[in-house]
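Visitor: The file below is start_35.txt, compact mmCIF, C-alpha atoms and all ligand atoms:
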```txt
# COMPACT_ATOMS: atom_id res chain seq x y z
CA MET A 169 73.31 157.87 87.32
CA LEU A 170 71.45 154.59 87.03
CA GLN A 171 68.07 155.05 85.28
CA LEU A 172 65.17 153.26 86.91
CA PRO A 173 61.53 152.81 85.92
CA PRO A 174 59.07 155.17 87.64
CA LEU A 175 57.46 152.33 89.60
CA TYR A 176 59.46 149.57 91.29
CA PRO A 177 57.20 146.68 92.36
CA ILE A 178 58.20 144.49 95.30
CA THR A 179 56.84 140.98 95.83
CA ASP A 180 54.71 140.23 98.87
CA ALA A 181 55.35 136.77 100.35
CA THR A 182 52.40 137.07 102.72
CA ARG A 183 50.05 136.71 99.74
CA PRO A 184 48.94 133.28 98.51
CA GLU A 185 50.24 133.85 94.96
CA PRO A 186 53.74 132.25 94.62
CA LEU A 187 56.53 134.82 94.28
CA SER A 188 57.60 133.52 90.84
CA GLU A 189 53.99 134.00 89.67
CA GLN A 190 53.92 137.55 91.05
CA ILE A 191 57.10 138.35 89.12
CA ARG A 192 55.82 136.76 85.92
CA ARG A 193 52.52 138.65 86.15
CA LEU A 194 54.19 142.01 86.86
CA GLY A 195 56.69 141.52 84.03
CA ALA A 196 53.91 140.66 81.60
CA ALA A 197 52.01 143.78 82.73
CA GLY A 198 54.96 145.87 81.53
CA PHE A 199 57.16 146.45 84.60
CA PRO A 200 60.87 146.08 83.69
CA LEU A 201 62.15 145.72 87.28
CA VAL A 202 60.74 143.75 90.23
CA GLN A 203 62.25 143.23 93.65
CA PHE A 204 62.15 139.68 94.98
CA ARG A 205 61.33 140.02 98.67
CA GLY A 206 60.89 136.56 100.15
CA LYS A 207 60.40 137.38 103.83
CA PRO A 208 58.82 135.68 105.81
CA LEU A 209 59.42 132.49 103.77
CA GLY A 210 62.33 130.24 104.79
CA PRO A 211 65.50 130.02 102.67
CA SER A 212 64.54 126.84 100.77
CA ALA A 213 61.14 128.16 99.73
CA GLN A 214 62.70 131.49 98.74
CA TRP A 215 65.39 129.77 96.70
CA GLU A 216 62.88 127.62 94.84
CA GLU A 217 60.79 130.65 93.88
CA LEU A 218 63.77 132.84 93.04
CA ARG A 219 65.36 130.22 90.81
CA LYS A 220 62.08 129.70 88.98
CA ALA A 221 61.58 133.44 88.50
CA LEU A 222 65.16 134.01 87.28
CA ALA A 223 65.00 131.09 84.84
CA GLU A 224 61.71 132.32 83.43
CA SER A 225 62.99 135.87 83.07
CA ALA A 226 66.18 134.59 81.35
CA ALA A 227 64.10 132.71 78.79
CA ASN A 228 62.10 135.86 78.08
CA GLY A 229 64.77 138.40 77.17
CA ARG A 230 65.73 138.89 80.84
CA TRP A 231 62.41 140.60 81.49
CA PRO A 232 61.69 141.60 84.17
CA TRP A 233 65.03 142.35 85.80
CA ILE A 234 65.06 140.90 89.29
CA CYS A 235 66.62 142.56 92.31
CA VAL A 236 67.02 140.18 95.27
CA ASN A 237 66.18 141.61 98.66
CA ASP A 238 68.60 140.92 101.54
CA ARG A 239 69.70 137.42 100.54
CA ALA A 240 73.23 137.68 99.15
CA ASP A 241 73.48 133.89 99.60
CA LEU A 242 70.62 133.29 97.17
CA ALA A 243 72.06 135.79 94.70
CA VAL A 244 75.37 133.86 94.75
CA LEU A 245 73.60 130.52 94.27
CA ALA A 246 71.72 131.96 91.32
CA ALA A 247 74.92 133.37 89.80
CA ARG A 248 76.51 129.92 90.07
CA GLU A 249 73.72 128.59 87.89
CA GLY A 250 74.28 131.29 85.28
CA LEU A 251 71.23 133.21 86.54
CA ALA A 252 72.89 136.19 88.23
CA PRO A 253 70.17 138.64 89.29
CA TRP A 254 70.08 142.23 88.01
CA GLY A 255 70.56 143.51 91.53
CA LEU A 256 70.83 142.91 95.24
CA HIS A 257 69.16 145.18 97.77
CA LEU A 258 70.84 145.28 101.16
CA GLY A 259 69.20 146.56 104.33
CA GLN A 260 71.11 148.23 107.17
CA GLY A 261 71.36 144.84 108.93
CA ASP A 262 72.69 142.94 105.91
CA LEU A 263 76.14 142.39 104.46
CA PRO A 264 78.05 145.64 103.62
CA ALA A 265 77.68 146.40 99.89
CA ALA A 266 81.43 146.53 99.31
CA GLU A 267 81.70 142.96 100.66
CA ALA A 268 78.69 141.75 98.68
CA ARG A 269 80.32 143.12 95.52
CA ARG A 270 83.27 140.74 96.09
CA LEU A 271 81.07 137.63 96.24
CA PRO A 272 81.47 135.23 93.31
CA GLY A 273 79.28 136.16 90.35
CA LEU A 274 78.05 139.47 91.82
CA ALA A 275 80.64 141.85 90.34
CA GLY A 276 78.13 143.21 87.79
CA CYS A 277 75.15 143.29 90.16
CA HIS A 278 73.35 146.60 90.83
CA LEU A 279 73.57 147.11 94.56
CA GLY A 280 70.94 148.97 96.53
CA ALA A 281 70.77 150.19 100.12
CA SER A 282 67.97 151.23 102.50
CA THR A 283 68.23 154.62 104.20
CA HIS A 284 65.95 156.02 106.90
CA GLY A 285 67.52 159.29 108.03
CA PRO A 286 70.42 161.71 107.51
CA ALA A 287 73.03 159.45 109.14
CA GLU A 288 72.22 156.74 106.60
CA TRP A 289 71.49 158.73 103.44
CA GLU A 290 74.48 161.08 103.84
CA ALA A 291 77.01 158.21 103.84
CA VAL A 292 75.94 155.32 101.62
CA ASP A 293 78.43 152.58 100.82
CA PRO A 294 80.04 153.72 97.52
CA ALA A 295 79.65 150.16 96.15
CA CYS A 296 75.89 150.93 95.80
CA ASP A 297 74.29 152.59 92.78
CA HIS A 298 70.74 153.03 94.09
CA ALA A 299 69.07 153.40 97.45
CA GLY A 300 65.66 153.54 99.06
CA VAL A 301 64.63 156.58 101.11
CA GLY A 302 61.85 156.10 103.62
CA PRO A 303 59.51 155.23 105.03
CA PHE A 304 57.45 157.96 103.41
CA ARG A 305 54.65 156.99 105.78
CA GLY A 306 53.80 154.03 108.03
CA THR A 307 53.14 150.76 106.20
CA ALA A 308 51.38 147.53 107.10
CA THR A 309 53.70 145.41 104.90
CA LYS A 310 56.77 146.07 107.05
CA GLY A 311 56.11 145.93 110.80
CA ASP A 312 59.61 146.95 111.94
CA HIS A 313 59.84 150.21 109.99
CA ALA A 314 61.51 153.41 111.22
CA ALA A 315 59.66 156.70 111.86
CA PRO A 316 57.98 158.14 108.74
CA ILE A 317 60.03 160.84 107.01
CA GLY A 318 57.27 162.52 104.93
CA PRO A 319 57.91 164.74 101.87
CA GLY A 320 60.52 166.91 103.64
CA GLY A 321 62.63 163.94 104.68
CA LEU A 322 62.26 162.41 101.25
CA ALA A 323 63.52 165.60 99.58
CA ALA A 324 66.54 165.75 101.90
CA GLY A 325 67.30 162.06 101.37
CA CYS A 326 66.97 162.23 97.58
CA ALA A 327 69.25 165.28 97.38
CA ALA A 328 71.88 163.55 99.54
CA LEU A 329 71.77 160.41 97.40
CA ARG A 330 71.97 162.35 94.14
CA ARG A 331 75.03 164.19 95.45
CA GLN A 332 76.67 160.77 95.86
CA GLY A 333 75.66 159.71 92.32
CA LEU A 334 73.01 157.30 93.65
CA THR A 335 69.54 156.83 92.20
CA PRO A 336 66.94 157.62 94.90
CA ILE A 337 63.84 155.46 95.36
CA ALA A 338 60.94 156.54 97.57
CA ILE A 339 59.50 153.76 99.72
CA GLY A 340 57.07 153.18 102.56
CA GLY A 341 53.27 152.96 102.33
CA LEU A 342 53.16 154.65 98.92
CA GLU A 343 50.01 154.95 96.77
CA ALA A 344 49.69 156.17 93.18
CA ALA A 345 48.39 159.51 94.54
CA ASP A 346 51.79 160.08 96.21
CA ALA A 347 53.65 160.00 92.89
CA PRO A 348 53.60 163.78 92.16
CA ALA A 349 54.92 164.58 95.66
CA CYS A 350 57.62 161.89 95.47
CA PHE A 351 58.86 163.00 92.04
CA ALA A 352 58.75 166.65 93.14
CA ALA A 353 60.92 165.63 96.11
CA GLY A 354 63.50 164.24 93.68
CA ALA A 355 62.75 160.50 93.71
CA GLU A 356 63.54 158.63 90.51
CA SER A 357 61.19 155.77 91.32
CA LEU A 358 58.47 154.70 93.77
CA ALA A 359 58.89 151.28 95.38
CA MET A 360 55.49 149.79 96.10
CA VAL A 361 54.15 146.67 97.75
CA GLY A 362 50.66 146.94 99.26
CA ALA A 363 48.94 149.36 96.87
CA LEU A 364 50.33 147.54 93.85
CA HIS A 365 49.19 144.10 94.98
CA ARG A 366 45.76 145.44 95.89
CA ALA A 367 45.37 147.10 92.46
CA ALA A 368 42.90 145.42 90.11
CA ASP A 369 44.97 146.68 87.15
CA PRO A 370 48.68 147.06 88.03
CA ALA A 371 49.53 148.22 84.49
CA ALA A 372 47.11 151.14 84.89
CA LEU A 373 48.84 152.03 88.15
CA GLY A 374 52.24 151.87 86.43
CA TRP A 375 50.93 154.09 83.66
CA ALA A 376 49.59 156.67 86.14
CA VAL A 377 52.90 156.80 87.99
CA GLN A 378 54.88 157.12 84.75
CA ARG A 379 52.61 160.00 83.75
CA ALA A 380 53.36 161.74 87.05
CA ARG A 381 57.09 161.38 86.41
CA TRP A 382 56.75 162.80 82.90
CA LYS A 383 54.87 165.79 84.35
CA ALA A 384 57.55 166.37 86.99
CA ARG A 385 60.47 165.70 84.62
CA PRO A 386 59.61 165.76 80.91
CA PRO A 387 61.89 163.26 79.16
CA PHE A 388 62.76 165.71 76.35
CA ARG A 389 62.62 169.40 75.41
CA HIS A 390 60.11 170.54 72.82
CA GLY A 391 61.90 171.36 69.58
CA GLN A 392 64.68 168.89 70.34
CA GLY A 393 65.20 166.01 67.92
CA LEU A 394 64.29 162.55 69.22
CA VAL A 395 65.74 159.13 68.56
CA LEU A 396 63.67 156.08 69.50
CA VAL A 397 65.65 153.01 70.48
CA GLY A 398 64.57 149.53 71.50
CA GLY A 399 64.03 146.01 70.24
CA SER A 400 62.42 144.80 67.07
CA GLY A 401 58.63 144.96 67.34
CA ALA A 402 58.67 147.42 70.25
CA GLY A 403 56.74 149.88 68.10
CA LYS A 404 59.46 152.47 67.39
CA THR A 405 58.46 153.12 63.79
CA THR A 406 54.78 153.37 64.66
CA LEU A 407 55.26 155.66 67.67
CA GLY A 408 57.94 157.72 65.93
CA ARG A 409 55.70 158.53 63.00
CA ASP A 410 52.90 159.60 65.35
CA LEU A 411 55.18 161.71 67.56
CA ALA A 412 56.71 163.47 64.56
CA ARG A 413 53.26 164.42 63.25
CA ARG A 414 52.20 165.81 66.63
CA LEU A 415 55.51 167.65 67.13
CA ASP A 416 55.50 168.95 63.57
CA LEU A 417 58.97 167.52 62.98
CA PRO A 418 60.09 165.41 60.03
CA PHE A 419 60.04 161.64 60.62
CA ALA A 420 62.75 159.23 59.48
CA ASP A 421 62.89 155.49 59.87
CA LEU A 422 66.47 154.25 59.84
CA ASP A 423 65.53 150.84 58.40
CA GLY A 424 63.55 152.55 55.63
CA ALA A 425 66.42 154.94 54.90
CA VAL A 426 68.92 152.03 54.72
CA GLU A 427 66.64 150.21 52.29
CA ALA A 428 66.38 153.33 50.13
CA GLU A 429 70.17 153.74 50.21
CA ALA A 430 70.82 150.09 49.34
CA GLY A 431 68.03 149.95 46.79
CA LYS A 432 66.77 146.67 48.25
CA PRO A 433 64.86 145.33 51.26
CA ILE A 434 66.77 144.58 54.49
CA ALA A 435 66.15 140.82 54.14
CA ALA A 436 67.84 140.88 50.69
CA LEU A 437 70.70 143.00 52.02
CA PHE A 438 71.33 140.51 54.85
CA ALA A 439 71.09 137.54 52.45
CA GLU A 440 73.34 139.03 49.75
CA ALA A 441 75.90 141.13 51.66
CA GLY A 442 75.63 139.89 55.26
CA GLU A 443 74.97 141.63 58.57
CA ALA A 444 78.30 143.50 58.63
CA ALA A 445 77.45 145.30 55.37
CA PHE A 446 74.02 146.18 56.78
CA ARG A 447 75.59 147.58 59.98
CA HIS A 448 78.01 149.72 58.01
CA LEU A 449 75.20 151.21 55.96
CA GLU A 450 73.10 151.65 59.11
CA ARG A 451 75.84 153.70 60.78
CA THR A 452 76.55 155.97 57.84
CA THR A 453 72.87 156.49 57.09
CA LEU A 454 72.09 157.42 60.71
CA ALA A 455 74.70 160.18 60.70
CA ARG A 456 73.00 161.67 57.62
CA LEU A 457 69.48 161.47 59.14
CA LEU A 458 70.55 163.54 62.14
CA ASP A 459 71.55 166.64 60.22
CA ARG A 460 68.37 168.53 61.24
CA PRO A 461 65.82 168.18 64.07
CA ALA A 462 63.58 165.19 63.44
CA VAL A 463 62.05 162.15 65.06
CA VAL A 464 64.14 159.14 64.07
CA ALA A 465 63.16 155.52 64.72
CA LEU A 466 66.21 153.25 64.84
CA GLY A 467 66.30 149.61 63.83
CA GLY A 468 66.36 147.04 66.63
CA GLY A 469 70.15 146.64 66.67
CA ALA A 470 71.40 150.15 65.88
CA TRP A 471 71.86 151.31 69.50
CA GLU A 472 74.43 148.56 70.09
CA ASP A 473 76.96 150.49 68.03
CA PRO A 474 78.91 152.95 70.24
CA ALA A 475 79.65 155.15 67.20
CA SER A 476 75.90 155.55 66.58
CA ARG A 477 75.28 156.41 70.22
CA GLN A 478 78.01 159.03 70.02
CA VAL A 479 76.61 160.65 66.88
CA VAL A 480 73.17 160.95 68.53
CA ALA A 481 74.78 162.68 71.53
CA ASP A 482 76.95 164.94 69.37
CA ARG A 483 73.97 166.16 67.35
CA GLY A 484 71.95 166.97 70.51
CA PHE A 485 69.17 164.47 69.89
CA GLN A 486 67.38 163.01 72.90
CA PRO A 487 67.42 159.20 72.85
CA LEU A 488 64.34 157.50 74.32
CA TRP A 489 64.02 153.78 74.97
CA LEU A 490 60.65 152.37 73.99
CA ALA A 491 60.74 149.66 76.66
CA GLU A 492 58.16 147.17 75.43
CA THR A 493 58.10 143.68 76.93
CA PRO A 494 60.09 141.26 74.75
CA ALA A 495 57.17 138.81 74.78
CA ARG A 496 54.84 141.40 73.23
CA ALA A 497 57.51 142.49 70.75
CA TRP A 498 58.05 138.87 69.69
CA ALA A 499 54.30 138.39 69.26
CA ARG A 500 54.37 141.30 66.78
CA ALA A 501 57.69 140.85 64.99
CA GLY A 502 58.56 137.17 65.44
CA GLN A 503 59.07 135.26 62.18
CA ASP A 504 58.28 138.28 60.04
CA PRO A 505 60.20 137.50 56.81
CA ALA A 506 61.20 141.18 56.58
CA ARG A 507 63.09 140.94 59.92
CA PRO A 508 65.96 138.49 59.43
CA LEU A 509 67.06 138.62 63.09
CA ALA A 510 63.56 137.88 64.41
CA GLN A 511 63.22 134.32 63.16
CA ASP A 512 64.21 132.17 66.15
CA ARG A 513 62.53 132.94 69.49
CA ALA A 514 65.47 131.90 71.72
CA ALA A 515 67.97 133.93 69.66
CA PHE A 516 65.59 136.93 69.64
CA MET A 517 65.32 136.77 73.45
CA ALA A 518 69.08 136.34 73.95
CA ARG A 519 69.74 139.36 71.72
CA TRP A 520 67.14 141.38 73.65
CA ALA A 521 68.87 140.56 76.95
CA ALA A 522 72.30 141.46 75.54
CA ARG A 523 71.06 144.81 74.17
CA THR A 524 69.14 145.89 77.26
CA PRO A 525 72.10 147.38 79.20
CA ALA A 526 72.72 149.92 76.40
CA TRP A 527 69.01 150.76 76.01
CA SER A 528 68.58 151.18 79.74
CA GLU A 529 71.09 154.01 79.86
CA VAL A 530 68.54 156.41 78.31
CA PRO A 531 65.11 157.56 79.56
CA MET A 532 62.49 154.85 79.11
CA LEU A 533 58.93 154.99 77.80
CA LEU A 534 56.89 152.11 79.17
CA PRO A 535 53.88 151.39 76.94
CA PHE A 536 51.91 149.27 79.49
CA GLY A 537 49.73 147.96 76.65
CA ARG A 538 48.61 151.42 75.45
CA GLU A 539 48.07 152.22 71.79
CA PRO A 540 50.79 154.32 70.13
CA GLY A 541 48.41 157.31 69.83
CA GLU A 542 47.76 157.36 73.58
CA LEU A 543 51.44 156.89 74.31
CA ALA A 544 52.31 159.87 72.09
CA SER A 545 49.56 162.18 73.34
CA THR A 546 50.30 161.43 77.01
CA LEU A 547 54.00 161.98 76.47
CA LEU A 548 53.35 165.34 74.84
CA GLU A 549 51.01 166.54 77.62
CA SER A 550 54.01 166.54 79.92
N1 LIG B 1 51.69 150.33 71.26
C1 LIG B 1 51.30 149.41 70.36
N2 LIG B 1 50.19 148.67 70.58
C2 LIG B 1 49.80 147.73 69.70
N3 LIG B 1 50.46 147.44 68.55
C3 LIG B 1 51.55 148.15 68.27
C4 LIG B 1 52.03 149.17 69.16
N4 LIG B 1 53.15 149.69 68.63
C5 LIG B 1 53.36 149.04 67.47
N5 LIG B 1 52.40 148.13 67.24
C6 LIG B 1 52.35 147.20 66.09
O1 LIG B 1 53.45 146.32 66.23
C7 LIG B 1 54.08 146.07 64.96
C8 LIG B 1 55.57 146.44 65.06
O2 LIG B 1 55.70 147.84 65.25
P1 LIG B 1 56.91 148.67 64.61
O3 LIG B 1 57.16 148.25 63.22
O4 LIG B 1 56.60 150.11 64.88
O5 LIG B 1 58.11 148.16 65.52
P2 LIG B 1 59.65 148.59 65.50
O6 LIG B 1 60.04 148.81 66.92
O7 LIG B 1 59.84 149.72 64.57
O8 LIG B 1 60.39 147.27 65.00
P3 LIG B 1 61.81 147.13 64.14
O9 LIG B 1 62.91 147.41 65.10
O10 LIG B 1 61.84 145.71 63.71
O11 LIG B 1 61.75 148.11 63.05
C9 LIG B 1 53.30 146.91 63.95
O12 LIG B 1 52.37 146.03 63.33
C10 LIG B 1 52.57 147.94 64.79
O13 LIG B 1 51.35 148.32 64.20
O1 LIG B 2 67.34 143.49 65.55
C1 LIG B 2 68.07 143.88 64.60
O2 LIG B 2 69.30 143.87 64.66
C2 LIG B 2 67.41 144.38 63.39
C3 LIG B 2 66.16 144.98 63.49
C4 LIG B 2 65.50 145.62 62.36
O3 LIG B 2 64.90 146.83 62.78
C5 LIG B 2 66.47 145.89 61.21
O4 LIG B 2 67.29 147.00 61.51
C6 LIG B 2 67.32 144.69 60.91
O5 LIG B 2 66.45 143.64 60.54
C7 LIG B 2 68.16 144.29 62.12
MG MG B 3 60.98 149.97 62.86
```
Rewrite the structure from the file as structure tokens, please.
Ligand SMILES: Nc1ncnc2c1ncn2[C@@H]1O[C@H](COP(=O)(O)OP(=O)(O)OP(=O)(O)O)[C@@H](O)[C@H]1O
Ligand SMILES: O=C(O)C1=C[C@@H](O)[C@@H](O)[C@H](O)C1
Ligand SMILES: [Mg+2]
Guide:
Amino acid sequence: MLQLPPLYPITDATRPEPLSEQIRRLGAAGFPLVQFRGKPLGPSAQWEELRKALAESAANGRWPWICVNDRADLAVLAAREGLAPWGLHLGQGDLPAAEARRLPGLAGCHLGASTHGPAEWEAVDPACDHAGVGPFRGTATKGDHAAPIGPGGLAAGCAALRRQGLTPIAIGGLEAADAPACFAAGAESLAMVGALHRAADPAALGWAVQRARWKARPPFRHGQGLVLVGGSGAGKTTLGRDLARRLDLPFADLDGAVEAEAGKPIAALFAEAGEAAFRHLERTTLARLLDRPAVVALGGGAWEDPASRQVVADRGFQPLWLAETPARAWARAGQDPARPLAQDRAAFMARWAARTPAWSEVPMLLPFGREPGELASTLLES
């Protein structure tokens, strides 16, 4: 099933802030996924804002991912410019998902649906991989909404979607205080408009909702070994060391172990033997590090290797994606002489975008600007 962040922000075109600015601000706050909802703007104004937002995201490691609401035409235009959006969300009155899937450039798009009752959530178009369930309650940001479904309806809708392999998203007048009830009802994510845009500190709201999801569904079992994945500068080594201490497990840093094995720093290994030699050593060293429960921080590129992903699964370790924003990671790791693949900003961002699909298959930890100690202690409270 598609993994989604605990909070799914949606733009609000009735606010004075341009939609591309809303998306930039929410991405910088730490949200990996934002829905571009352009209503009630006309098509030209929507296109201008969407194109700007997609181009900016593409230049920043494809962060945040953008899911276009309703407008398959704008998604196709974007794809033609090499800016295919992450997803397309289709309402009951829009194009059928199976048809949207056949549009040029949208074959790899994540398709979402809106469902408002049993007739809709029991039979979602199989071309979709996620769907909204709602409205949880009445909302001022959508005048034409259906009757509120409450927690009981949400639970029924989420169960029906999960049976079809779809990721369920609660929607409709949600506030941070609703998060425990929504996660208990089986939602993977809370879509939010009004409360998020009214929040003085959206990152704090995202953090609170993530905490509620960890409480409802802890991302790992105590005693189980952990593997931290994610880009260079995300903070894997720092968080991993802290988590290991608190969990009373040994800590291993894959980069450090490779350096010990090679008898030289990574930069020297890249310069003398090349990246392929480094990758070979990385793979064989990882298999050795997983021979007993531990917290293991991977290097920025290790999760790309399917053989490494398989060995983590075979040994029963839980992989966790430390989903830092690429801009913050670059600010920390960029042009560090010890990180040979973090020298050029554009190449760093392109690599980040290319690696994200593999990272996003495992549960994510969103740091929202918190210190590693707070991230670790909050995670372990769950
Ligand atoms: N949550 C955080 N808040 C602020 N600074 C952080 C945070 N996490 C890590 N840092 C700092 O960012 C830098 C990079 O962190 P770290 O080395 O842990 O990243 P990494 O993900 O292991 O990178 P690489 O993949 O290149 O090994 C360090 O200086 C660390 O102190
Ligand atoms: O991004 C990468 O591929 C790398 C990240 C570092 O952690 C090291 O593993 C090495 O510099 C390669
Ligand atoms: Mg590291």
Visitor: Within 7 Å of ligand MG 3 (chain B), which residues of chain A show up? Give each one with its shortest atom-to-atom distance in Å (one decimal) and the two atoms involved, counting all atoms listed in the file, rows by chain then rising residue number, as JSON lines.
Guide:
```
{"residue": "A:Ser400", "atom": "CA", "partner": "B:MG3", "partner_atom": "MG", "distance": 6.8}
{"residue": "A:Gly403", "atom": "CA", "partner": "B:MG3", "partner_atom": "MG", "distance": 6.7}
{"residue": "A:Lys404", "atom": "CA", "partner": "B:MG3", "partner_atom": "MG", "distance": 5.4}
{"residue": "A:Thr405", "atom": "CA", "partner": "B:MG3", "partner_atom": "MG", "distance": 4.1}
{"residue": "A:Asp421", "atom": "CA", "partner": "B:MG3", "partner_atom": "MG", "distance": 6.6}
{"residue": "A:Asp423", "atom": "CA", "partner": "B:MG3", "partner_atom": "MG", "distance": 6.4}
{"residue": "A:Ala465", "atom": "CA", "partner": "B:MG3", "partner_atom": "MG", "distance": 6.2}
{"residue": "A:Leu466", "atom": "CA", "partner": "B:MG3", "partner_atom": "MG", "distance": 6.5}
{"residue": "A:Gly467", "atom": "CA", "partner": "B:MG3", "partner_atom": "MG", "distance": 5.4}
```
Visitor: In the coordinates of the file, take the point (56.4, 145.7, 78.2) and a cut-off of 6 Å; then, counting all atoms listed in the file, name each qualifying protein, DNA or RNA residue as a tab-separated table (two decimals) with C-alpha atoms, keeping the file's coordinate frame.
Guide:
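Result written to out.tsv:
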```
chain	number	residue	atom	x	y	z
A	198	GLY	CA	54.96	145.87	81.53
A	492	GLU	CA	58.16	147.17	75.43
A	493	THR	CA	58.10	143.68	76.93
A	536	PHE	CA	51.91	149.27	79.49
```
Visitor: Could you build a table of the residues in chain A lying no more than 9 Å from ligand LIG 2 (chain B), giving for each the nearest pair of atoms and their separation in Å rounded to one decimal place, using only C-alpha atoms and all ligand atoms, ordered by chain and ascending residue number, as JSON lines?
Guide:
```
{"residue": "A:Gly398", "atom": "CA", "partner": "B:LIG2", "partner_atom": "O1", "distance": 8.9}
{"residue": "A:Gly399", "atom": "CA", "partner": "B:LIG2", "partner_atom": "O1", "distance": 6.3}
{"residue": "A:Ser400", "atom": "CA", "partner": "B:LIG2", "partner_atom": "C3", "distance": 5.2}
{"residue": "A:Gly401", "atom": "CA", "partner": "B:LIG2", "partner_atom": "O3", "distance": 8.0}
{"residue": "A:Leu422", "atom": "CA", "partner": "B:LIG2", "partner_atom": "O4", "distance": 7.5}
{"residue": "A:Asp423", "atom": "CA", "partner": "B:LIG2", "partner_atom": "O4", "distance": 5.2}
{"residue": "A:Gly424", "atom": "CA", "partner": "B:LIG2", "partner_atom": "O4", "distance": 8.9}
{"residue": "A:Val426", "atom": "CA", "partner": "B:LIG2", "partner_atom": "O4", "distance": 8.6}
{"residue": "A:Ile434", "atom": "CA", "partner": "B:LIG2", "partner_atom": "O5", "distance": 6.1}
{"residue": "A:Ala435", "atom": "CA", "partner": "B:LIG2", "partner_atom": "O5", "distance": 7.0}
{"residue": "A:Phe438", "atom": "CA", "partner": "B:LIG2", "partner_atom": "O5", "distance": 8.1}
{"residue": "A:Glu443", "atom": "CA", "partner": "B:LIG2", "partner_atom": "C7", "distance": 8.1}
{"residue": "A:Phe446", "atom": "CA", "partner": "B:LIG2", "partner_atom": "C6", "distance": 8.0}
{"residue": "A:Arg447", "atom": "CA", "partner": "B:LIG2", "partner_atom": "C7", "distance": 8.4}
{"residue": "A:Glu450", "atom": "CA", "partner": "B:LIG2", "partner_atom": "O4", "distance": 7.8}
{"residue": "A:Leu466", "atom": "CA", "partner": "B:LIG2", "partner_atom": "O3", "distance": 6.9}
{"residue": "A:Gly467", "atom": "CA", "partner": "B:LIG2", "partner_atom": "O3", "distance": 3.3}
{"residue": "A:Gly468", "atom": "CA", "partner": "B:LIG2", "partner_atom": "C3", "distance": 3.8}
{"residue": "A:Gly469", "atom": "CA", "partner": "B:LIG2", "partner_atom": "O2", "distance": 3.5}
{"residue": "A:Ala470", "atom": "CA", "partner": "B:LIG2", "partner_atom": "O2", "distance": 6.7}
{"residue": "A:Glu472", "atom": "CA", "partner": "B:LIG2", "partner_atom": "O2", "distance": 8.8}
{"residue": "A:Ala506", "atom": "CA", "partner": "B:LIG2", "partner_atom": "O5", "distance": 7.0}
{"residue": "A:Arg507", "atom": "CA", "partner": "B:LIG2", "partner_atom": "O5", "distance": 4.4}
{"residue": "A:Pro508", "atom": "CA", "partner": "B:LIG2", "partner_atom": "O5", "distance": 5.3}
{"residue": "A:Leu509", "atom": "CA", "partner": "B:LIG2", "partner_atom": "O1", "distance": 5.5}
{"residue": "A:Ala510", "atom": "CA", "partner": "B:LIG2", "partner_atom": "O1", "distance": 6.9}
{"residue": "A:Phe516", "atom": "CA", "partner": "B:LIG2", "partner_atom": "O1", "distance": 7.9}
{"residue": "A:Arg519", "atom": "CA", "partner": "B:LIG2", "partner_atom": "O1", "distance": 7.8}
{"residue": "A:Trp520", "atom": "CA", "partner": "B:LIG2", "partner_atom": "O1", "distance": 8.4}
```
Visitor: What is the atom P1 of ligand LIG 1 (chain B)-CA of Gly541 (chain A) distance in Å, reported with one decimal?
Guide: 13.2 Å
Visitor: My list of candidates is A:Thr406, A:Ser528, A:Asn237, A:Thr452. Which is closest to ligand LIG 1 (chain B) when distances are computed with all atoms listed in the file?
Guide: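 Among the listed residues, A:Thr406 lies closest to ligand LIG 1 (chain B).
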Visitor: My list of candidates is A:Pro535, A:Pro387, A:Gly374, A:Pro286. Which is closest to ligand LIG 1 (chain B) when distances are computed with only C-alpha atoms and all ligand atoms?
Guide: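 With only C-alpha atoms and all ligand atoms as the atom set, the closest residue is A:Pro535.
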Visitor: Show me the residues around (63.4, 155.0, 99.0) - criterion: an atom at most 10 Å away, all atoms listed in the file counted - as JSON, numbers by chain.
Guide: {"A": [280, 281, 282, 283, 284, 289, 298, 299, 300, 301, 302, 303, 304, 322, 325, 326, 335, 336, 337, 338, 339, 340, 350, 355, 356, 357, 358, 359, 360]}
Visitor: Could you check how far atom O2 of ligand LIG 1 (chain B) sits from CA of Pro540 (chain A), in Å to one decimal?
Guide: 9.5 Å
Visitor: Taking all atoms of ligand LIG 1 (chain B) that the file lists and extending 4 Å past them on each side, where is the centre of the axis-aligned box and how long are its edges? Answer in Å to one decimal, as lines of an AutoDock Vina configuration file.
Guide:
```
center_x = 56.4
center_y = 148.0
center_z = 67.2
size_x = 21.1
size_y = 12.6
size_z = 16.2
```
Visitor: Can you work out the spacing between CA of Trp498 (chain A) and CA of Ala226 (chain A) in Å, to one decimal?
Guide: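 Here the two named atoms are 14.8 Å from each other.
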